[in-house]
file data.txt (compact mmCIF, C-alpha atoms)
# COMPACT_ATOMS: atom_id res chain seq x y z
CA MET K 157 18.93 84.39 -50.88
CA SER K 158 16.50 84.86 -53.73
CA ALA K 159 17.01 81.21 -54.76
CA ILE K 160 15.79 80.16 -51.33
CA LEU K 161 12.86 82.54 -51.21
CA THR K 162 11.54 81.91 -54.73
CA ILE K 163 9.52 78.73 -54.29
CA GLY K 164 10.26 76.23 -57.03
CA LEU K 165 10.27 72.53 -57.74
CA ASN K 166 13.37 71.89 -55.62
CA HIS K 167 11.68 73.21 -52.46
CA TYR K 168 8.93 70.63 -52.77
CA LEU K 169 11.33 67.83 -53.68
CA LEU K 170 13.56 68.55 -50.68
CA LEU K 171 10.58 68.78 -48.33
CA SER K 172 9.24 65.49 -49.61
CA ALA K 173 12.71 63.91 -49.26
CA ALA K 174 12.79 65.00 -45.61
CA LEU K 175 9.27 63.60 -45.09
CA PHE K 176 10.33 60.31 -46.68
CA ALA K 177 13.43 60.09 -44.47
CA ILE K 178 11.35 60.73 -41.33
CA GLY K 179 8.89 58.05 -42.45
CA LEU K 180 11.75 55.60 -42.97
CA LEU K 181 13.08 56.48 -39.51
CA THR K 182 9.65 55.76 -38.02
CA VAL K 183 9.34 52.41 -39.80
CA ALA K 184 12.86 51.40 -38.80
CA THR K 185 12.76 52.36 -35.13
CA ARG K 186 9.20 51.76 -33.88
CA ARG K 187 8.22 48.41 -32.45
CA ASN K 188 4.49 49.11 -32.16
CA ALA K 189 2.79 47.84 -35.33
CA VAL K 190 0.42 50.83 -35.47
CA ALA K 191 3.36 53.25 -35.24
CA VAL K 192 5.04 51.42 -38.13
CA LEU K 193 1.81 51.94 -40.09
CA MET K 194 2.03 55.68 -39.36
CA GLY K 195 5.56 55.69 -40.83
CA VAL K 196 4.21 54.03 -43.98
CA GLU K 197 1.59 56.79 -44.22
CA LEU K 198 4.36 59.42 -44.04
CA ILE K 199 6.24 57.68 -46.88
CA LEU K 200 3.10 57.49 -49.02
CA ASN K 201 2.43 61.20 -48.41
CA ALA K 202 5.99 62.07 -49.47
CA ALA K 203 5.57 60.12 -52.70
CA ALA K 204 2.19 61.71 -53.47
CA LEU K 205 3.60 65.19 -52.79
CA ASN K 206 6.37 64.48 -55.31
CA PHE K 207 3.82 63.42 -57.92
CA VAL K 208 1.77 66.60 -57.47
CA ALA K 209 4.88 68.84 -57.50
CA PHE K 210 6.15 67.27 -60.74
CA SER K 211 2.69 67.56 -62.24
CA HIS K 212 2.66 71.28 -61.36
CA TYR K 213 6.18 72.28 -62.39
CA VAL K 214 7.38 69.75 -64.98
CA GLU K 215 4.49 68.11 -66.74
CA GLY K 216 1.95 70.93 -66.74
CA THR K 217 -0.97 68.46 -66.89
CA VAL K 218 -3.04 66.64 -64.25
CA GLY K 219 -1.38 63.21 -64.72
CA GLY K 220 0.51 63.45 -61.43
CA GLN K 221 -2.62 64.45 -59.55
CA VAL K 222 -4.35 61.31 -60.86
CA PHE K 223 -1.52 59.27 -59.35
CA ALA K 224 -1.83 61.18 -56.06
CA VAL K 225 -5.54 60.29 -55.85
CA PHE K 226 -4.73 56.63 -56.56
CA ILE K 227 -2.08 56.70 -53.81
CA ILE K 228 -4.64 58.10 -51.34
CA VAL K 229 -7.15 55.36 -52.28
CA MET K 230 -4.48 52.68 -51.85
CA ALA K 231 -3.53 54.16 -48.48
CA ALA K 232 -7.16 53.94 -47.36
CA ALA K 233 -7.38 50.28 -48.39
CA GLU K 234 -4.06 49.56 -46.70
CA ALA K 235 -5.08 51.27 -43.46
CA ALA K 236 -8.35 49.30 -43.27
CA ILE K 237 -6.60 45.95 -43.84
CA ALA K 238 -3.82 46.86 -41.43
CA LEU K 239 -6.30 47.76 -38.69
CA ALA K 240 -8.07 44.41 -39.12
CA ILE K 241 -4.78 42.50 -39.01
CA VAL K 242 -3.56 44.47 -36.00
CA LEU K 243 -6.81 43.73 -34.13
CA SER K 244 -6.51 40.06 -35.05
CA ILE K 245 -2.89 39.91 -33.89
CA PHE K 246 -3.75 41.71 -30.66
CA ARG K 247 -6.51 39.24 -29.82
CA HIS K 248 -4.20 36.34 -30.60
CA PHE K 249 -0.93 37.45 -28.97
CA LYS K 250 -2.28 40.05 -26.48
CA SER K 251 0.37 42.43 -27.85
CA ILE K 252 1.15 44.24 -31.10
CA ASP K 253 4.87 44.57 -30.45
CA ALA K 254 6.59 43.58 -33.69
CA ASN K 255 9.20 41.62 -31.70
CA ASP K 256 6.60 39.46 -29.95
CA THR K 257 4.68 38.48 -33.06
CA SER K 258 7.40 36.72 -35.01
CA THR K 259 5.67 33.35 -35.35
CA LEU K 260 2.76 32.26 -37.53
CA ARG K 261 1.22 30.17 -34.74
CA GLU K 262 1.21 30.12 -30.96
CA MET L 50 17.66 93.45 -53.80
CA ASP L 51 15.04 94.32 -51.22
CA LEU L 52 14.06 91.42 -49.00
CA SER L 53 10.45 92.50 -48.62
CA THR L 54 9.81 92.24 -52.38
CA LEU L 55 11.03 88.65 -52.36
CA ILE L 56 8.75 87.45 -49.55
CA THR L 57 5.45 86.92 -51.31
CA PRO L 58 2.40 85.39 -49.57
CA GLY L 59 3.10 82.17 -51.50
CA THR L 60 6.60 81.98 -50.05
CA LEU L 61 5.33 82.67 -46.55
CA PHE L 62 2.61 80.03 -46.83
CA PHE L 63 5.04 77.46 -48.20
CA PHE L 64 7.49 77.87 -45.32
CA MET L 65 4.73 77.85 -42.72
CA LEU L 66 3.18 74.68 -44.14
CA ALA L 67 6.60 73.06 -44.53
CA ALA L 68 7.43 73.83 -40.90
CA VAL L 69 4.10 72.39 -39.67
CA THR L 70 4.57 69.28 -41.82
CA LEU L 71 8.15 68.57 -40.78
CA VAL L 72 7.74 69.34 -37.08
CA SER L 73 4.71 67.11 -36.74
CA ALA L 74 6.39 64.40 -38.85
CA LEU L 75 9.27 64.48 -36.35
CA GLY L 76 6.63 64.20 -33.63
CA VAL L 77 5.29 61.05 -35.30
CA ALA L 78 8.79 59.59 -35.42
CA LEU L 79 10.01 60.54 -31.96
CA ALA L 80 7.07 61.07 -29.56
CA PRO L 81 7.33 58.80 -26.51
CA ASN L 82 3.56 58.21 -26.32
CA ILE L 83 1.85 56.62 -29.33
CA LEU L 84 -1.23 58.80 -28.84
CA TYR L 85 0.94 61.88 -29.34
CA SER L 86 2.33 60.24 -32.49
CA ALA L 87 -1.19 59.72 -33.80
CA PHE L 88 -2.19 63.32 -33.14
CA SER L 89 1.07 64.60 -34.69
CA LEU L 90 0.09 62.73 -37.84
CA LEU L 91 -2.89 65.10 -38.03
CA GLY L 92 -0.50 68.06 -38.43
CA THR L 93 1.52 66.30 -41.11
CA LEU L 94 -1.52 65.29 -43.15
CA GLY L 95 -3.06 68.76 -42.83
CA GLY L 96 0.22 70.42 -43.83
CA VAL L 97 0.53 68.21 -46.92
CA ALA L 98 -3.10 69.04 -47.81
CA GLY L 99 -2.21 72.75 -47.63
CA LEU L 100 0.82 72.15 -49.87
CA TYR L 101 -1.45 70.44 -52.43
CA LEU L 102 -3.67 73.53 -52.45
CA LEU L 103 -0.56 75.70 -52.87
CA LEU L 104 0.45 73.56 -55.87
CA GLY L 105 -2.89 74.18 -57.57
CA ALA L 106 -4.17 70.65 -56.86
CA ASP L 107 -7.42 71.70 -55.21
CA PHE L 108 -9.22 68.38 -55.65
CA VAL L 109 -6.32 66.34 -54.30
CA GLY L 110 -6.07 68.67 -51.31
CA ILE L 111 -9.75 68.24 -50.45
CA VAL L 112 -9.53 64.47 -50.92
CA GLN L 113 -6.49 64.44 -48.64
CA VAL L 114 -8.49 66.14 -45.89
CA LEU L 115 -11.58 63.96 -46.41
CA VAL L 116 -9.89 60.58 -46.74
CA TYR L 117 -6.71 60.95 -44.70
CA VAL L 118 -7.80 63.20 -41.85
CA GLY L 119 -11.42 62.06 -41.79
CA GLY L 120 -10.90 58.37 -42.48
CA ILE L 121 -7.41 56.95 -42.14
CA LEU L 122 -6.46 58.97 -39.08
CA VAL L 123 -9.64 57.92 -37.30
CA LEU L 124 -8.90 54.28 -38.22
CA ILE L 125 -5.39 54.64 -36.81
CA LEU L 126 -6.74 56.21 -33.62
CA PHE L 127 -9.16 53.29 -33.28
CA ALA L 128 -6.27 50.88 -33.76
CA VAL L 129 -4.22 52.70 -31.11
CA LEU L 130 -7.02 52.81 -28.57
CA LEU L 131 -8.23 49.25 -29.14
CA THR L 132 -4.82 47.62 -28.90
CA ASN L 133 -3.49 49.27 -25.77
CA LYS L 134 -4.51 48.41 -22.27
CA LEU L 135 -5.27 51.55 -20.33
CA GLY L 136 -2.30 52.73 -18.35
CA GLU L 137 0.11 51.00 -20.68
CA LEU L 138 -0.10 53.60 -23.42
CA LYS L 139 3.27 55.03 -22.57
CA LEU L 140 5.14 51.74 -22.51
CA ASN L 141 3.99 50.49 -25.86
CA ASN L 142 5.78 52.92 -28.13
CA LEU L 143 9.41 52.42 -27.18
CA SER L 144 11.86 53.04 -29.98
CA THR L 145 14.63 50.60 -30.62
CA GLY L 146 17.52 50.75 -33.01
CA LEU L 147 17.72 54.53 -33.26
CA MET L 148 21.46 54.02 -33.70
CA VAL L 149 20.78 51.99 -36.85
CA GLY L 150 17.67 53.75 -38.14
CA ALA L 151 18.89 57.35 -37.91
CA PRO L 152 22.07 56.88 -40.01
CA ALA L 153 20.10 54.97 -42.63
CA ALA L 154 17.48 57.74 -42.84
CA VAL L 155 20.15 60.48 -42.98
CA ALA L 156 22.09 58.63 -45.68
CA LEU L 157 18.95 58.22 -47.80
CA LEU L 158 18.10 61.90 -47.28
CA ALA L 159 21.60 62.94 -48.41
CA LEU L 160 21.32 60.72 -51.50
CA ILE L 161 17.94 62.19 -52.51
CA VAL L 162 19.10 65.78 -51.84
CA LYS L 163 22.14 65.18 -54.03
CA GLY L 164 19.96 63.77 -56.79
CA VAL L 165 17.42 66.60 -56.58
CA THR L 166 19.97 69.41 -56.58
CA THR L 167 22.17 68.04 -59.37
CA THR L 168 19.41 67.11 -61.84
CA ALA L 169 18.33 69.70 -64.40
CA TRP L 170 14.52 69.30 -64.37
CA PRO L 171 12.76 70.21 -67.64
CA LEU L 172 10.42 72.86 -66.25
CA THR L 173 7.34 73.91 -68.19
CA GLU L 174 4.60 76.46 -67.53
CA GLU L 175 2.79 75.67 -64.31
CA ALA L 176 -0.58 73.95 -64.15
CA THR L 177 -3.09 76.40 -62.73
CA ALA L 178 -6.00 75.74 -60.38
CA PRO L 179 -8.80 74.75 -60.50
CA THR L 180 -7.88 71.37 -61.90
CA THR L 181 -10.96 69.45 -60.71
CA ALA L 182 -12.73 69.48 -64.09
CA ARG L 183 -9.61 68.34 -65.95
CA LEU L 184 -9.01 65.66 -63.31
CA GLY L 185 -12.53 64.27 -63.70
CA ASP L 186 -12.14 64.32 -67.46
CA SER L 187 -8.90 62.40 -67.18
CA PHE L 188 -10.44 59.83 -64.81
CA LEU L 189 -13.26 59.07 -67.25
CA ARG L 190 -11.15 59.07 -70.44
CA GLU L 191 -7.50 57.98 -70.40
CA HIS L 192 -7.47 56.59 -66.83
CA LEU L 193 -10.85 54.85 -66.94
CA LEU L 194 -9.54 51.29 -66.51
CA PRO L 195 -7.23 52.08 -63.55
CA PHE L 196 -10.04 54.10 -61.99
CA GLU L 197 -12.48 51.17 -62.14
CA LEU L 198 -9.80 48.72 -60.99
CA VAL L 199 -8.86 50.85 -57.99
CA SER L 200 -12.49 51.10 -56.90
CA LEU L 201 -12.73 47.29 -57.14
CA VAL L 202 -9.53 46.95 -55.07
CA LEU L 203 -10.93 49.32 -52.46
CA LEU L 204 -14.18 47.33 -52.22
CA MET L 205 -12.29 44.04 -51.90
CA ALA L 206 -9.96 45.47 -49.28
CA LEU L 207 -12.80 46.80 -47.15
CA VAL L 208 -14.79 43.54 -47.33
CA GLY L 209 -11.59 41.62 -46.57
CA ALA L 210 -10.86 43.86 -43.58
CA MET L 211 -14.35 43.20 -42.25
CA VAL L 212 -13.93 39.42 -42.66
CA ILE L 213 -10.55 39.40 -40.90
CA ALA L 214 -11.73 41.58 -38.01
CA ARG L 215 -14.93 39.52 -37.62
CA ARG L 216 -13.07 36.21 -37.53
CA ALA L 217 -10.95 37.61 -34.72
CA ALA L 218 -14.12 38.53 -32.81
CA LYS L 219 -15.57 35.06 -33.41
CA GLU L 220 -12.49 33.32 -32.00
CA GLU L 221 -13.02 35.19 -28.80
CA GLY L 222 -16.54 33.73 -28.52
CA ARG L 223 -18.30 37.02 -28.89
CA SER L 224 -20.09 36.11 -32.10
CA VAL L 225 -23.71 37.13 -31.66
CA PRO L 226 -25.04 36.16 -35.13
CA GLU L 227 -24.19 32.44 -34.65
CA GLU L 228 -26.05 32.23 -31.34
CA SER L 229 -29.11 33.94 -32.70
CA HIS L 230 -28.97 31.53 -35.65
CA ASP L 231 -29.02 28.56 -33.25
CA ARG L 232 -31.91 30.06 -31.39
CA LEU L 233 -33.84 30.49 -34.62
CA VAL L 234 -33.18 26.89 -35.72
CA GLY L 235 -33.87 25.37 -32.32
call {"tool": "encode", "arguments": {"input": "data.txt", "output": "structure tokens"}}
result
Amino acid sequence: MSAILTIGLNHYLLLSAALFAIGLLTVATRRNAVAVLMGVELILNAAALNFVAFSHYVEGTVGGQVFAVFIIVMAAAEAAIALAIVLSIFRHFKSIDANDTSTLRE
Amino acid sequence: MDLSTLITPGTLFFFMLAAVTLVSALGVALAPNILYSAFSLLGTLGGVAGLYLLLGADFVGIVQVLVYVGGILVLILFAVLLTNKLGELKLNNLSTGLMVGAPAAVALLALIVKGVTTTAWPLTEEATAPTTARLGDSFLREHLLPFELVSLVLLMALVGAMVIARRAAKEEGRSVPEESHDRLVG
């Protein structure tokens, strides 16, 4: 009981593993391109949480937090590009269903 | 051992934040309406921000709220609302392949849990908050090159996003700047 209630590194790693698995489930099952993007965001958050947890419990320095900030910046860039592509696809195909948009041209 | 001595505020906060994070992550994965998915993402991102604060990463937690909740989530909401015809919101988020996706996710989860619980992590003394000053120091000393590169990547990505989205608008014949240019020339 005390192993469960004393918060340690394993708690964060297991939580982030669950978050990663849910993100993978979202990416694998959704057909809407925007929903797939949300799954990618979940996966990125799980990875960043791992970095910060390791930085807190194992490394003892801020190296992991630097990586977490880089991950957040990359996620912002990715979301902006993805929104532009999704808008472009929607105007072209009138749909953002991943099954409908399997060709490079009309 | 007495249970009440074990439950510290830190423990309580961790389990509350973990519950919020996981429940809303499940909402993102399983909600029938994509708007509900997008709003569930708010809970997940907020919960992770709280966990960062709990881990002593105050700067990362604030950045998570500013960039993720204030920026990326709004972008995603725009994407959701711009790409769905009204009245069709419910139809456009059907899940397929749950039979394939769920076993894959569970298998991966089991693998990671096995790895986490059987590895002996070399624990050290914990980094204490506030870490903002040390983080800034690290950005401008040992991580200076990646820091400058990542800002360049962000700039390029945002300009590229604008170009892609604008070309899409132009194809639809809504381009105002071209017409005004013709008017100026003629």
call {"tool": "atom_distance", "arguments": {"input": "data.txt", "atom1": "CA of Gly220 in chain K", "atom2": "CA of Phe207 in chain K"}}
result
4.8 Å
call {"tool": "residues_around", "arguments": {"input": "data.txt", "residues": "Thr93 in chain L", "least_positions_apart": "4", "cutoff": "12 Å", "atoms": "all atoms listed in the file", "output": "MDAnalysis selection string"}}
result
(chainID K and resid 171:172 175 178:179 194:195 197:202 205) or (chainID L and resid 66:78 86:89 97:100 113:114 117:118 122)
call {"tool": "write_last_selection", "arguments": {"input": "data.txt", "atoms": "C-alpha atoms", "output": "PDB file, in the frame of the given file"}}
result
ATOM      1  CA  LEU K 171      10.580  68.780 -48.330  1.00  0.00           C
ATOM      2  CA  SER K 172       9.240  65.490 -49.610  1.00  0.00           C
ATOM      3  CA  LEU K 175       9.270  63.600 -45.090  1.00  0.00           C
ATOM      4  CA  ILE K 178      11.350  60.730 -41.330  1.00  0.00           C
ATOM      5  CA  GLY K 179       8.890  58.050 -42.450  1.00  0.00           C
ATOM      6  CA  MET K 194       2.030  55.680 -39.360  1.00  0.00           C
ATOM      7  CA  GLY K 195       5.560  55.690 -40.830  1.00  0.00           C
ATOM      8  CA  GLU K 197       1.590  56.790 -44.220  1.00  0.00           C
ATOM      9  CA  LEU K 198       4.360  59.420 -44.040  1.00  0.00           C
ATOM     10  CA  ILE K 199       6.240  57.680 -46.880  1.00  0.00           C
ATOM     11  CA  LEU K 200       3.100  57.490 -49.020  1.00  0.00           C
ATOM     12  CA  ASN K 201       2.430  61.200 -48.410  1.00  0.00           C
ATOM     13  CA  ALA K 202       5.990  62.070 -49.470  1.00  0.00           C
ATOM     14  CA  LEU K 205       3.600  65.190 -52.790  1.00  0.00           C
TER      15      LEU K 205
ATOM     16  CA  LEU L  66       3.180  74.680 -44.140  1.00  0.00           C
ATOM     17  CA  ALA L  67       6.600  73.060 -44.530  1.00  0.00           C
ATOM     18  CA  ALA L  68       7.430  73.830 -40.900  1.00  0.00           C
ATOM     19  CA  VAL L  69       4.100  72.390 -39.670  1.00  0.00           C
ATOM     20  CA  THR L  70       4.570  69.280 -41.820  1.00  0.00           C
ATOM     21  CA  LEU L  71       8.150  68.570 -40.780  1.00  0.00           C
ATOM     22  CA  VAL L  72       7.740  69.340 -37.080  1.00  0.00           C
ATOM     23  CA  SER L  73       4.710  67.110 -36.740  1.00  0.00           C
ATOM     24  CA  ALA L  74       6.390  64.400 -38.850  1.00  0.00           C
ATOM     25  CA  LEU L  75       9.270  64.480 -36.350  1.00  0.00           C
ATOM     26  CA  GLY L  76       6.630  64.200 -33.630  1.00  0.00           C
ATOM     27  CA  VAL L  77       5.290  61.050 -35.300  1.00  0.00           C
ATOM     28  CA  ALA L  78       8.790  59.590 -35.420  1.00  0.00           C
ATOM     29  CA  SER L  86       2.330  60.240 -32.490  1.00  0.00           C
ATOM     30  CA  ALA L  87      -1.190  59.720 -33.800  1.00  0.00           C
ATOM     31  CA  PHE L  88      -2.190  63.320 -33.140  1.00  0.00           C
ATOM     32  CA  SER L  89       1.070  64.600 -34.690  1.00  0.00           C
ATOM     33  CA  VAL L  97       0.530  68.210 -46.920  1.00  0.00           C
ATOM     34  CA  ALA L  98      -3.100  69.040 -47.810  1.00  0.00           C
ATOM     35  CA  GLY L  99      -2.210  72.750 -47.630  1.00  0.00           C
ATOM     36  CA  LEU L 100       0.820  72.150 -49.870  1.00  0.00           C
ATOM     37  CA  GLN L 113      -6.490  64.440 -48.640  1.00  0.00           C
ATOM     38  CA  VAL L 114      -8.490  66.140 -45.890  1.00  0.00           C
ATOM     39  CA  TYR L 117      -6.710  60.950 -44.700  1.00  0.00           C
ATOM     40  CA  VAL L 118      -7.800  63.200 -41.850  1.00  0.00           C
ATOM     41  CA  LEU L 122      -6.460  58.970 -39.080  1.00  0.00           C
TER      42      LEU L 122
END
call {"tool": "residues_around", "arguments": {"input": "data.txt", "residues": "Ala191 in chain K", "least_positions_apart": "6", "cutoff": "8 Å", "atoms": "all atoms listed in the file", "output": "VMD selection string"}}
result
(chain K and resid 182 to 183) or (chain L and resid 83 86 142)
call {"tool": "write_last_selection", "arguments": {"input": "data.txt", "atoms": "C-alpha atoms", "output": "compact mmCIF listing (two decimals), in the frame of the given file"}}
result
# COMPACT_ATOMS: atom_id res chain seq x y z
CA THR K 182 9.65 55.76 -38.02
CA VAL K 183 9.34 52.41 -39.80
CA ILE L 83 1.85 56.62 -29.33
CA SER L 86 2.33 60.24 -32.49
CA ASN L 142 5.78 52.92 -28.13
call {"tool": "closest_residue", "arguments": {"input": "data.txt", "among": "K:Val196, K:Leu181, K:Leu169, K:Ala233", "to": "Ala156 in chain L", "atoms": "only C-alpha atoms"}}
result
K:Leu181
call {"tool": "residues_around", "arguments": {"input": "data.txt", "residues": "range 157-166 of chain K", "least_positions_apart": "4", "cutoff": "8 Å", "atoms": "all atoms listed in the file", "output": "list in words"}}
result
Leu170, Ala209, Phe210 and Tyr213 of chain K; Leu55, Ile56, Gly59, Thr60, Phe63, Val165 and Thr166 of chain L
call {"tool": "closest_residue", "arguments": {"input": "data.txt", "among": "K:Thr217, K:Asp253, K:Ser211, K:Leu193", "to": "Ala235 in chain K", "atoms": "all atoms listed in the file"}}
result
K:Leu193
call {"tool": "atom_distance", "arguments": {"input": "data.txt", "atom1": "CA of His248 in chain K", "atom2": "CA of Ala214 in chain L"}}
result
11.8 Å
call {"tool": "atom_distance", "arguments": {"input": "data.txt", "atom1": "CA of Val208 in chain K", "atom2": "CA of Tyr168 in chain K"}}
result
9.5 Å
call {"tool": "residues_around", "arguments": {"input": "data.txt", "residues": "Lys250 in chain K", "least_positions_apart": "4", "cutoff": "9 Å", "atoms": "all atoms listed in the file", "output": "PyMOL selection string"}}
result
(chain K and resi 245-246) or (chain L and resi 132)
call {"tool": "closest_residue", "arguments": {"input": "data.txt", "among": "K:Ile228, K:Val218, K:Ile237, K:Val242", "to": "Thr180 in chain L", "atoms": "all atoms listed in the file"}}
result
K:Val218
call {"tool": "closest_residue", "arguments": {"input": "data.txt", "among": "L:Leu160, L:Ala154, L:Glu197, L:Leu126", "to": "chain K", "atoms": "only C-alpha atoms"}}
result
L:Ala154
call {"tool": "closest_residue", "arguments": {"input": "data.txt", "among": "L:Ala106, L:Met65, L:Val116, L:Leu124", "to": "Arg183 in chain L", "atoms": "only C-alpha atoms"}}
result
L:Ala106
call {"tool": "closest_residue", "arguments": {"input": "data.txt", "among": "L:Ala80, L:Leu102, L:Leu91, L:Ala206", "to": "chain K", "atoms": "all atoms listed in the file"}}
result
L:Ala206
call {"tool": "residues_around", "arguments": {"input": "data.txt", "residues": "Gly185 in chain L", "least_positions_apart": "6", "cutoff": "10 Å", "atoms": "only C-alpha atoms", "output": "list of chain:residue names"}}
result
K:Val218, K:Val222, L:Phe108, L:His192
